[in-house]
Amino acid sequence: MESVLNYSDTNSSKAEIDVINQKLSGLKIGIIGLGGTGSYILDFVAKTLVGEIHLFDGDKFLQHNAFRAPSAPSLEELNESTAKVEYYSRIYSKMHRHIVSHELYINKTNLGLLNDLDFVFVCIDRSEAKKEIFEKLESLKISFIDTGIGVERVDESLIGMVRTTTSTQEKRNHIWEGRVSFEDADDADYSTNIQIAELNALNAVFAVMKWKKLYGFLNDLENEHDSSYSINVNHIENNDSST
């Protein structure tokens, strides 16, 4: 069988974890939103044996994106104003064979594109779209993780939090009971739109680690379906256990 990777994963073979890697093999993964967090999630997921990685974003990759995303584009590349899905597909297809680009925003007219996926990372802040996406994924019995960052300026420094909220067949009600804000971005708490690369990357790390726990790649004793990391007190709070 042809590998989904363009070259051998000698890192895993060296560590003798090939059998564990197979737990993610063949999964069809969706990443909705390729801003800072979504692009780092792609970076991590592209290094696994998932069968397909579907990218959903209707935006262009512009200069401000370069400062909160993986890689280091040249000024010439930025001036091309390439679609985000195309820009990232071009990079990560060098490693993973099955990256599928969808240059569009997910909304009620194209929710059917999610039908055949096994797991979805939601990395957007548009409230109405989130509601429609969540409802669709729940109806399809697809597990998903919603990510969120909130940063604000206080006394010439930044404070904030990084949120990872998981929805599975075992537990979904917390999504609708306050864990995820469905307010418009201009009005919601922690919505100043300050984004920093390391926090986007951290948000992605928490999301991908939780995803790997759900599939048994990483051990999980907490089974939390929501967690938040607070920057200034360096504290992680787990909530909404499914056990």
# chains A, B, ... in the order shown; residues from 1 in each chain; ligands from 1

$ closest_atom_pairs --of "region 3-28 of chain A" --to "region 43-61 of chain A" --cutoff "7 Å" --atoms "only C-alpha atoms" --output "JSON lines"
{"residue": "A:Val4", "atom": "CA", "partner": "A:Leu49", "partner_atom": "CA", "distance": 6.3}
{"residue": "A:Asn21", "atom": "CA", "partner": "A:Leu49", "partner_atom": "CA", "distance": 6.9}
{"residue": "A:Gln22", "atom": "CA", "partner": "A:Leu49", "partner_atom": "CA", "distance": 7.0}
{"residue": "A:Leu24", "atom": "CA", "partner": "A:Val50", "partner_atom": "CA", "distance": 5.5}
{"residue": "A:Ser25", "atom": "CA", "partner": "A:Val50", "partner_atom": "CA", "distance": 4.7}
{"residue": "A:Gly26", "atom": "CA", "partner": "A:Gly51", "partner_atom": "CA", "distance": 3.8}
{"residue": "A:Leu27", "atom": "CA", "partner": "A:Val50", "partner_atom": "CA", "distance": 4.8}
{"residue": "A:Lys28", "atom": "CA", "partner": "A:Glu52", "partner_atom": "CA", "distance": 4.7}

$ residues_around --residues "region 29-39 of chain A" --least-positions-apart "3" --cutoff "7 Å" --atoms "only C-alpha atoms" --output "ChimeraX atom specification"
/A:42-43,52-57,68-70,84,117-124,197,200-201,203-204

$ residues_around --residues "region 133-139 of chain A" --least-positions-apart "3" --cutoff "10 Å" --atoms "only C-alpha atoms" --output "ChimeraX atom specification"
/A:32,106-108,111-112,114-115,117-120,122,127-130,142-146,167-169,172,175-176

$ atom_distance --atom1 "CA of Arg153 (chain A)" --atom2 "CA of Ile196 (chain A)"
12.6 Å

$ atom_distance --atom1 "CA of Ile194 (chain A)" --atom2 "CA of Val151 (chain A)"
5.8 Å

$ select_by_dssp --residues "region 63-123 of chain A" --states "strand (DSSP E)" --output "PyMOL selection string"
chain A and resi 99-102+119-122

$ select_by_dssp --residues "region 55-223 of chain A" --states "alpha helix (DSSP H)" --output "PyMOL selection string"
chain A and resi 75-79+84-92+127-139+173-174+197-214

$ write_last_selection --atoms "N, CA and C atoms" --output "compact mmCIF listing (two decimals), in the first residue's frame"
# COMPACT_ATOMS: atom_id res chain seq x y z
N LEU A 75 8.93 37.99 0.63
CA LEU A 75 8.08 39.12 0.25
C LEU A 75 7.44 38.88 -1.10
N GLU A 76 8.16 38.22 -1.99
CA GLU A 76 7.62 37.91 -3.31
C GLU A 76 6.40 36.98 -3.19
N GLU A 77 6.49 36.01 -2.30
CA GLU A 77 5.36 35.10 -2.10
C GLU A 77 4.16 35.84 -1.52
N LEU A 78 4.41 36.75 -0.59
CA LEU A 78 3.32 37.53 0.00
C LEU A 78 2.63 38.40 -1.04
N ASN A 79 3.41 38.95 -1.94
CA ASN A 79 2.85 39.82 -2.97
C ASN A 79 1.98 39.08 -3.97
N LYS A 84 -5.10 31.08 0.97
CA LYS A 84 -4.47 30.37 2.08
C LYS A 84 -4.41 28.86 1.83
N VAL A 85 -5.51 28.29 1.36
CA VAL A 85 -5.52 26.84 1.15
C VAL A 85 -4.48 26.42 0.13
N GLU A 86 -4.30 27.24 -0.90
CA GLU A 86 -3.30 26.92 -1.92
C GLU A 86 -1.89 27.11 -1.39
N TYR A 87 -1.68 28.19 -0.65
CA TYR A 87 -0.36 28.46 -0.07
C TYR A 87 0.08 27.30 0.83
N TYR A 88 -0.81 26.89 1.74
CA TYR A 88 -0.42 25.83 2.67
C TYR A 88 -0.38 24.46 2.00
N SER A 89 -1.27 24.23 1.06
CA SER A 89 -1.23 22.96 0.33
C SER A 89 0.09 22.80 -0.41
N ARG A 90 0.56 23.88 -0.99
CA ARG A 90 1.84 23.86 -1.71
C ARG A 90 2.99 23.46 -0.79
N ILE A 91 2.95 23.95 0.44
CA ILE A 91 4.03 23.65 1.39
C ILE A 91 3.92 22.22 1.91
N TYR A 92 2.74 21.86 2.41
CA TYR A 92 2.64 20.59 3.13
C TYR A 92 2.41 19.39 2.23
N SER A 127 -19.48 33.66 14.62
CA SER A 127 -20.41 32.99 15.51
C SER A 127 -21.50 32.21 14.77
N GLU A 128 -22.13 32.82 13.78
CA GLU A 128 -23.22 32.14 13.08
C GLU A 128 -22.72 30.91 12.35
N ALA A 129 -21.55 31.03 11.72
CA ALA A 129 -20.97 29.88 11.02
C ALA A 129 -20.66 28.76 12.00
N LYS A 130 -20.17 29.10 13.18
CA LYS A 130 -19.87 28.07 14.17
C LYS A 130 -21.13 27.28 14.54
N LYS A 131 -22.20 27.97 14.79
CA LYS A 131 -23.44 27.30 15.16
C LYS A 131 -23.85 26.29 14.09
N GLU A 132 -23.80 26.73 12.84
CA GLU A 132 -24.22 25.86 11.74
C GLU A 132 -23.28 24.66 11.59
N ILE A 133 -21.98 24.92 11.75
CA ILE A 133 -20.99 23.85 11.64
C ILE A 133 -21.17 22.84 12.77
N PHE A 134 -21.32 23.34 13.99
CA PHE A 134 -21.49 22.44 15.14
C PHE A 134 -22.74 21.57 14.96
N GLU A 135 -23.83 22.19 14.58
CA GLU A 135 -25.07 21.44 14.41
C GLU A 135 -24.93 20.37 13.33
N LYS A 136 -24.25 20.72 12.25
CA LYS A 136 -24.04 19.76 11.17
C LYS A 136 -23.17 18.59 11.63
N LEU A 137 -22.07 18.89 12.31
CA LEU A 137 -21.17 17.84 12.76
C LEU A 137 -21.85 16.93 13.79
N GLU A 138 -22.65 17.53 14.65
CA GLU A 138 -23.38 16.71 15.62
C GLU A 138 -24.37 15.79 14.92
N SER A 139 -25.05 16.30 13.91
CA SER A 139 -26.02 15.47 13.19
C SER A 139 -25.33 14.32 12.47
N ASN A 173 -23.18 18.54 25.31
CA ASN A 173 -24.03 19.60 25.85
C ASN A 173 -23.27 20.84 26.30
N HIS A 174 -22.03 20.66 26.78
CA HIS A 174 -21.26 21.79 27.31
C HIS A 174 -20.99 22.84 26.24
N ALA A 197 2.17 34.46 17.50
CA ALA A 197 2.51 33.15 16.94
C ALA A 197 2.59 32.07 18.00
N GLU A 198 3.24 32.35 19.14
CA GLU A 198 3.41 31.29 20.13
C GLU A 198 2.10 30.87 20.75
N LEU A 199 1.13 31.80 20.85
CA LEU A 199 -0.17 31.42 21.40
C LEU A 199 -1.00 30.65 20.37
N ASN A 200 -0.91 31.04 19.11
CA ASN A 200 -1.55 30.25 18.06
C ASN A 200 -0.98 28.84 18.04
N ALA A 201 0.33 28.74 18.15
CA ALA A 201 0.97 27.42 18.15
C ALA A 201 0.55 26.61 19.38
N LEU A 202 0.48 27.28 20.54
CA LEU A 202 0.07 26.58 21.76
C LEU A 202 -1.36 26.09 21.66
N ASN A 203 -2.24 26.91 21.12
CA ASN A 203 -3.62 26.51 20.89
C ASN A 203 -3.69 25.27 20.01
N ALA A 204 -2.87 25.27 18.97
CA ALA A 204 -2.81 24.11 18.07
C ALA A 204 -2.25 22.88 18.77
N VAL A 205 -1.24 23.06 19.59
CA VAL A 205 -0.65 21.95 20.34
C VAL A 205 -1.69 21.30 21.24
N PHE A 206 -2.43 22.12 22.01
CA PHE A 206 -3.46 21.56 22.89
C PHE A 206 -4.53 20.82 22.08
N ALA A 207 -4.93 21.39 20.95
CA ALA A 207 -5.97 20.77 20.13
C ALA A 207 -5.51 19.44 19.55
N VAL A 208 -4.31 19.41 19.02
CA VAL A 208 -3.81 18.18 18.40
C VAL A 208 -3.53 17.11 19.45
N MET A 209 -3.02 17.52 20.61
CA MET A 209 -2.81 16.55 21.67
C MET A 209 -4.13 15.93 22.12
N LYS A 210 -5.18 16.77 22.25
CA LYS A 210 -6.47 16.22 22.65
C LYS A 210 -7.01 15.27 21.58
N TRP A 211 -6.88 15.65 20.33
CA TRP A 211 -7.30 14.77 19.23
C TRP A 211 -6.58 13.42 19.31
N LYS A 212 -5.28 13.45 19.55
CA LYS A 212 -4.51 12.21 19.63
C LYS A 212 -4.91 11.38 20.86
N LYS A 213 -5.32 12.06 21.92
CA LYS A 213 -5.83 11.32 23.08
C LYS A 213 -7.12 10.59 22.75
N LEU A 214 -8.00 11.23 22.00
CA LEU A 214 -9.28 10.62 21.65
C LEU A 214 -9.10 9.33 20.86

$ closest_residue --among "A:Val162, A:Tyr40, A:Ser93, A:Thr109" --to "Asn234 (chain A)" --atoms "only C-alpha atoms"
A:Val162

$ residues_around --residues "Gly178 (chain A)" --least-positions-apart "5" --cutoff "12 Å" --atoms "only C-alpha atoms" --output "PyMOL selection string"
chain A and resi 165+172-173+183+226+239-240

$ atom_distance --atom1 "CA of Ala72 (chain A)" --atom2 "CA of Lys94 (chain A)"
15.7 Å

$ closest_residue --among "A:Ser3, A:Thr10, A:Lys141, A:Ile20" --to "Phe217 (chain A)" --atoms "only C-alpha atoms"
A:Ile20
